[in-house]
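One structure below.
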Amino acid sequence: MKLYEMAIAPNPRRVRMFLAEKGLLDQVERVEMDLQKGDNLSPEFIAKNPMKKVPVLELDDGTCIAETMAICRYLEESFPDRPNLLGSTPKESAEIEQWLRWLEFYFFLPTGMAFQHLSGYFKDRMTPNEAWGNECKTNVEKFFHFLNKQLEHKEWLAAGRFTAADINALCTVDFARVVNVRIQPEQKHLQAWYERVSARESAKA
Ligand SMILES: N[C@@H](CCC(=O)N[C@@H](CS)C(=O)NCC(=O)O)C(=O)O
């Protein structure tokens with residue numbers, strides 16, 4: 001398998017951390033792309049993912065899978081003997097899915113929008129709107145508070161154990177640094193969870 005990615009980009013990190021938790025990193029050849037230079041806009045790459053985004057997992061038969069969670073689901077189902085990260089009962093799967101959707105819609109997307117609209121990183125392919133960037137950044141700050149409250153009485157976000165929800169939240173908390181949003185000193189539950197998840201070997205992947 002080949003993973004098209006960029007090491008510093010947050011979505012590929014979610015996949016690498018997932019692979020590391022499953023002990024599968026060595027089964028994947030990593031192909032580093034330069035997104036700002038536009039490696040993802042070449043005809044060869046568009047043939048792999050017409051949405052022009054990384055990560056893309058290319059299977060040995062040439063099939064290309066785009067979308068972080070689609071890749072993670074493929075890995076989860078292909079390697080069922082490895083640690084489960086997406087739920088092993090209907091109730092667990094539903095709770096994890098609920099969190100994945102909250103994290104995607106109300107945390108990752110606003111963080112990405114704030115980054116794109118405030119930094120101008122992709123100004124060659126979009127028109128940044130500072131007011132929208134600031135609105136998104138405010139929503140990211142609100143989500144930090146939400147996470148802190150949710151973690152008041154639990155160690156992990158979903159299913160009472162470490163799951164893909166913790167991976168996605170960690171990668172987004174770290175990504176939020178690019179728009180200057182950080183865990184606040186009073187957000188003690190979030191900080192304790194952050195230290196727990198960051199201490200895992202997979203967080204370095
Ligand atoms: N929904 C996609 C988002 C992928 C995405 O936005 N990837 C970013 C890097 S983290 C990218 O490739 N950006 C390049 C661009 O927008 O030109 C996923 O979950 O994989």
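Labels used: A, B, ... for chains in the order of the structure tokens, numbers from 1 for residues in each chain, and numbers from 1 for ligands as shown.
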
Sort by chain and increasing residue number a table of all residues of chain A within 8 Å of ligand 1, each with its closest pair of atoms and their distance in Å to one decimal, counting only C-alpha atoms and all ligand atoms, and write it as a tab-separated table.
residue	atom	partner	partner_atom_place_in_ligand_line	distance
A:Glu5	CA	ligand 1	9 (C)	7.8
A:Met6	CA	ligand 1	9 (C)	7.3
A:Ala9	CA	ligand 1	10 (S)	4.5
A:Pro10	CA	ligand 1	10 (S)	4.7
A:Asn11	CA	ligand 1	10 (S)	4.2
A:Pro12	CA	ligand 1	10 (S)	6.3
A:Leu35	CA	ligand 1	14 (C)	5.6
A:Gln36	CA	ligand 1	17 (O)	7.3
A:Gly38	CA	ligand 1	17 (O)	6.9
A:Asn40	CA	ligand 1	17 (O)	6.6
A:Leu41	CA	ligand 1	17 (O)	7.3
A:Lys52	CA	ligand 1	17 (O)	6.3
A:Lys53	CA	ligand 1	12 (O)	3.2
A:Val54	CA	ligand 1	12 (O)	4.0
A:Pro55	CA	ligand 1	20 (O)	5.6
A:Val56	CA	ligand 1	20 (O)	7.7
A:Ala66	CA	ligand 1	20 (O)	6.3
A:Glu67	CA	ligand 1	20 (O)	3.5
A:Thr68	CA	ligand 1	20 (O)	3.8
A:Met69	CA	ligand 1	19 (O)	6.2
A:Gly112	CA	ligand 1	6 (O)	7.7
A:Phe122	CA	ligand 1	17 (O)	6.7
A:Arg125	CA	ligand 1	17 (O)	7.4

12 Å contact set for Phe79 of chain A, only C-alpha atoms, chain neighbours under 4 positions out, as number ranges by chain: A: 18-19, 21-24, 27, 72-75, 83-85

Just write the chosen residues, N, CA and C atoms, as a PDB file, in the first residue's frame.
ATOM      1  N   PHE A  18      -3.581   6.357  13.141  1.00  0.00           N
ATOM      2  CA  PHE A  18      -4.464   5.184  13.076  1.00  0.00           C
ATOM      3  C   PHE A  18      -3.637   3.946  12.703  1.00  0.00           C
ATOM      4  N   LEU A  19      -2.796   4.100  11.664  1.00  0.00           N
ATOM      5  CA  LEU A  19      -1.929   2.994  11.231  1.00  0.00           C
ATOM      6  C   LEU A  19      -1.001   2.565  12.366  1.00  0.00           C
ATOM      7  N   GLU A  21      -1.411   2.888  15.627  1.00  0.00           N
ATOM      8  CA  GLU A  21      -2.149   2.198  16.689  1.00  0.00           C
ATOM      9  C   GLU A  21      -2.431   0.755  16.295  1.00  0.00           C
ATOM     10  N   LYS A  22      -2.575   0.512  14.994  1.00  0.00           N
ATOM     11  CA  LYS A  22      -2.849  -0.850  14.533  1.00  0.00           C
ATOM     12  C   LYS A  22      -1.568  -1.621  14.234  1.00  0.00           C
ATOM     13  N   GLY A  23      -0.416  -0.961  14.391  1.00  0.00           N
ATOM     14  CA  GLY A  23       0.857  -1.626  14.114  1.00  0.00           C
ATOM     15  C   GLY A  23       1.057  -1.884  12.629  1.00  0.00           C
ATOM     16  N   LEU A  24       0.559  -0.983  11.801  1.00  0.00           N
ATOM     17  CA  LEU A  24       0.594  -1.210  10.348  1.00  0.00           C
ATOM     18  C   LEU A  24       1.490  -0.221   9.599  1.00  0.00           C
ATOM     19  N   GLN A  27       3.679  -1.357   6.791  1.00  0.00           N
ATOM     20  CA  GLN A  27       3.055  -1.971   5.595  1.00  0.00           C
ATOM     21  C   GLN A  27       2.732  -0.924   4.537  1.00  0.00           C
ATOM     22  N   CYS A  72      -9.435   4.967   7.087  1.00  0.00           N
ATOM     23  CA  CYS A  72      -9.399   4.323   8.415  1.00  0.00           C
ATOM     24  C   CYS A  72     -10.377   3.141   8.483  1.00  0.00           C
ATOM     25  N   ARG A  73     -11.552   3.318   7.908  1.00  0.00           N
ATOM     26  CA  ARG A  73     -12.537   2.221   7.917  1.00  0.00           C
ATOM     27  C   ARG A  73     -12.029   1.027   7.107  1.00  0.00           C
ATOM     28  N   TYR A  74     -11.374   1.317   5.984  1.00  0.00           N
ATOM     29  CA  TYR A  74     -10.807   0.233   5.175  1.00  0.00           C
ATOM     30  C   TYR A  74      -9.791  -0.548   6.025  1.00  0.00           C
ATOM     31  N   LEU A  75      -8.936   0.184   6.732  1.00  0.00           N
ATOM     32  CA  LEU A  75      -7.896  -0.468   7.544  1.00  0.00           C
ATOM     33  C   LEU A  75      -8.527  -1.250   8.695  1.00  0.00           C
ATOM     34  N   PRO A  83      -5.876  -3.849  17.199  1.00  0.00           N
ATOM     35  CA  PRO A  83      -6.713  -3.113  18.159  1.00  0.00           C
ATOM     36  C   PRO A  83      -7.852  -2.366  17.471  1.00  0.00           C
ATOM     37  N   ASN A  84      -9.033  -2.510  18.047  1.00  0.00           N
ATOM     38  CA  ASN A  84     -10.232  -1.887  17.441  1.00  0.00           C
ATOM     39  C   ASN A  84     -10.308  -0.404  17.809  1.00  0.00           C
ATOM     40  N   LEU A  85     -10.546   0.415  16.790  1.00  0.00           N
ATOM     41  CA  LEU A  85     -10.584   1.873  17.019  1.00  0.00           C
ATOM     42  C   LEU A  85     -11.910   2.502  16.616  1.00  0.00           C
TER      43      LEU A  85
END

Quick one: DSSP strand (DSSP E) residues in segment 13-195 of chain A, as a ChimeraX atom specification? /A:29-32,56-58,64-66

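If you count only C-alpha atoms and ignore residues fewer than 5 places along the chain from Lys137 of chain A, what sits within 9 Å of it is Pro110, Thr111, Met113, Ala114, Phe115, Trp132, Lys142, Ala176, Val179, Asn180 and Val181 of chain A.
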
Write the residues you've just listed into a file as a PDB file, in the first residue's frame, and include N, CA and C atoms for each of them.
ATOM      1  N   PRO A 110     -13.998  23.951  10.964  1.00  0.00           N
ATOM      2  CA  PRO A 110     -13.715  25.344  11.313  1.00  0.00           C
ATOM      3  C   PRO A 110     -12.220  25.639  11.476  1.00  0.00           C
ATOM      4  N   THR A 111     -11.471  24.664  12.006  1.00  0.00           N
ATOM      5  CA  THR A 111     -10.025  24.900  12.164  1.00  0.00           C
ATOM      6  C   THR A 111      -9.376  25.049  10.782  1.00  0.00           C
ATOM      7  N   MET A 113     -10.867  25.931   8.007  1.00  0.00           N
ATOM      8  CA  MET A 113     -11.337  27.180   7.383  1.00  0.00           C
ATOM      9  C   MET A 113     -10.598  28.383   7.976  1.00  0.00           C
ATOM     10  N   ALA A 114     -10.442  28.388   9.306  1.00  0.00           N
ATOM     11  CA  ALA A 114      -9.721  29.500   9.948  1.00  0.00           C
ATOM     12  C   ALA A 114      -8.300  29.566   9.393  1.00  0.00           C
ATOM     13  N   PHE A 115      -7.654  28.394   9.274  1.00  0.00           N
ATOM     14  CA  PHE A 115      -6.290  28.360   8.741  1.00  0.00           C
ATOM     15  C   PHE A 115      -6.247  28.910   7.311  1.00  0.00           C
ATOM     16  N   TRP A 132     -14.665  35.585   7.743  1.00  0.00           N
ATOM     17  CA  TRP A 132     -15.074  34.183   7.863  1.00  0.00           C
ATOM     18  C   TRP A 132     -14.022  33.399   8.655  1.00  0.00           C
ATOM     19  N   LYS A 142     -14.609  27.881  21.001  1.00  0.00           N
ATOM     20  CA  LYS A 142     -15.786  27.348  21.717  1.00  0.00           C
ATOM     21  C   LYS A 142     -15.691  25.829  21.844  1.00  0.00           C
ATOM     22  N   ALA A 176      -4.851  23.305  15.555  1.00  0.00           N
ATOM     23  CA  ALA A 176      -5.389  24.631  15.925  1.00  0.00           C
ATOM     24  C   ALA A 176      -4.294  25.623  16.317  1.00  0.00           C
ATOM     25  N   VAL A 179      -3.656  28.562  14.060  1.00  0.00           N
ATOM     26  CA  VAL A 179      -4.469  29.781  14.138  1.00  0.00           C
ATOM     27  C   VAL A 179      -4.434  30.330  15.576  1.00  0.00           C
ATOM     28  N   ASN A 180      -3.365  29.907  16.278  1.00  0.00           N
ATOM     29  CA  ASN A 180      -3.140  30.457  17.608  1.00  0.00           C
ATOM     30  C   ASN A 180      -4.205  30.108  18.636  1.00  0.00           C
ATOM     31  N   VAL A 181      -4.847  28.983  18.488  1.00  0.00           N
ATOM     32  CA  VAL A 181      -5.782  28.525  19.531  1.00  0.00           C
ATOM     33  C   VAL A 181      -5.087  27.393  20.281  1.00  0.00           C
TER      34      VAL A 181
END

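Distances to Thr138 of chain A were evaluated for A:Phe107, A:His153, A:Glu77, A:Gly120 using only C-alpha atoms, and the minimum falls at A:Phe107.
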
Counting only C-alpha atoms, what is within 10 Å of Leu25 of chain A, bar same-chain residues fewer than 4 positions away, as number ranges by chain? A: 15-21, 29-30, 202, 205

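The gap separating atom CA of Met51 of chain A from atom CA of Pro128 of chain A is 19.3 Å, in Å to one decimal.
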
Determine the nearest neighbour of Leu59 of chain A from the options A:Phe108, A:Ser93, A:Gln187, A:Leu3, counting only C-alpha atoms. A:Leu3

Considering only C-alpha atoms, return as a PyMOL selection string whatever protein or nucleic-acid residues lie within 10 Å of Asp174 of chain A, sequence-local ones (same chain, fewer than 5 positions apart) excluded. chain A and resi 10+169+181-183+194+198

What does the file look like for those residues with C-alpha atoms, as a PDB file, in the first residue's frame?
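The resulting file, result.pdb, is shown below:
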ATOM      1  CA  PRO A  10      -3.357  17.221   9.835  1.00  0.00           C
ATOM      2  CA  ALA A 169      -9.435  15.297  18.427  1.00  0.00           C
ATOM      3  CA  VAL A 181      -5.782  28.525  19.531  1.00  0.00           C
ATOM      4  CA  ARG A 182      -4.311  26.585  22.440  1.00  0.00           C
ATOM      5  CA  ILE A 183      -5.571  24.789  25.552  1.00  0.00           C
ATOM      6  CA  TYR A 194      -4.204  15.908  25.861  1.00  0.00           C
ATOM      7  CA  SER A 198       0.047  12.757  23.302  1.00  0.00           C
TER       8      SER A 198
END

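You can rank A:Glu104, A:Asp61, A:Glu141, A:Glu195 by their closest distance to Met1 of chain A using only C-alpha atoms, and at the top of that list sits A:Asp61.
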